[in-house]
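*Asks:* What follows is a single structure, and I will ask about it in a moment.
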Amino acid sequence: MRSAYGAKEVGIGAHAVTIVVDVANVMGSRPDGWWRDRAGAAVRLHADLVRLAASGRAVPPGETDPPGFVMVLEGAAKAAAARLSAAPPSAAASPPAPPAASPPAASPPAASPPAASPPGEVRVVLAAGSGDDAIVAVVRELPGHRVVVTADRELRERCMTAGATTLGPGWLLGLLRP
């Protein structure tokens, strides 16, 4: 059914779209000094993603609805989770918003793969071991259309086998530019 006939309103055929971000790979794609403070770079990326999610501009090719986001943190970047959960979600996510704007949604870090991430929300998953393994586990757990943002060829293949589509960091970083 087409949404003009009410299918979307009653949830028939509606599939959530979730963008799963390979944080290590995306951080490594922009030369902003991330290597000096991986956790700080992850916090900055989280803030950027929260603003992007709230804007509704991050619609993947072939989709019409805004996605939810899942950030997968591994290694030293996992220390960002304490900073993200220590403050209220909107405070950890971005600088103060103009008075008329409503605060963007963010979720505290999770230790296991999440359920579908609602549109406009940014969830954080901490990899227990390999970040790539955690990303593939998230892709397998999530319903709907999953888009993994990474330049890692092997991870892209694993995610496509698990049912996701992939986009490179350039796509996401292009949306994050002012």
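Following the order of the structure tokens, chains are lettered A, B, ..., residues in each are numbered from 1, and ligands are numbered from 1.
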Write out as a ChimeraX atom specification each polymer residue whose atoms come within 12 Å of Val147 (chain A), counting only C-alpha atoms; drop sequence neighbours fewer than 3 positions from it.
*Replies:* /A:16-22,58-63,67-71,135-136,138-140,142-144,150,156,159-160,162-169,171-172
*Asks:* Hey, what's within 9 Å of Ala134 (chain A) if we count only C-alpha atoms and toss same-chain stuff fewer than 2 positions away? As an MDAnalysis selection string, please?
*Replies:* chainID A and resid 72:74 112:113 125:132 136:139
*Asks:* Record the distance separating CA of Glu141 (chain A) and CA of Arg158 (chain A), expressed in Å with one decimal.
*Replies:*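 The value is 14.0 Å.
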*Asks:* Can you work out the spacing between CA of Gly40 (chain A) and CA of Ala79 (chain A) in Å, to one decimal?
*Replies:* 8.6 Å
*Asks:* Point out the residue among A:Asp152, A:Asp133, A:Asp65, A:Asp48 with the least atom-to-atom distance to Leu175 (chain A), counting only C-alpha atoms.
*Replies:*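 Using only C-alpha atoms, the shortest distance to Leu175 (chain A) belongs to A:Asp48.
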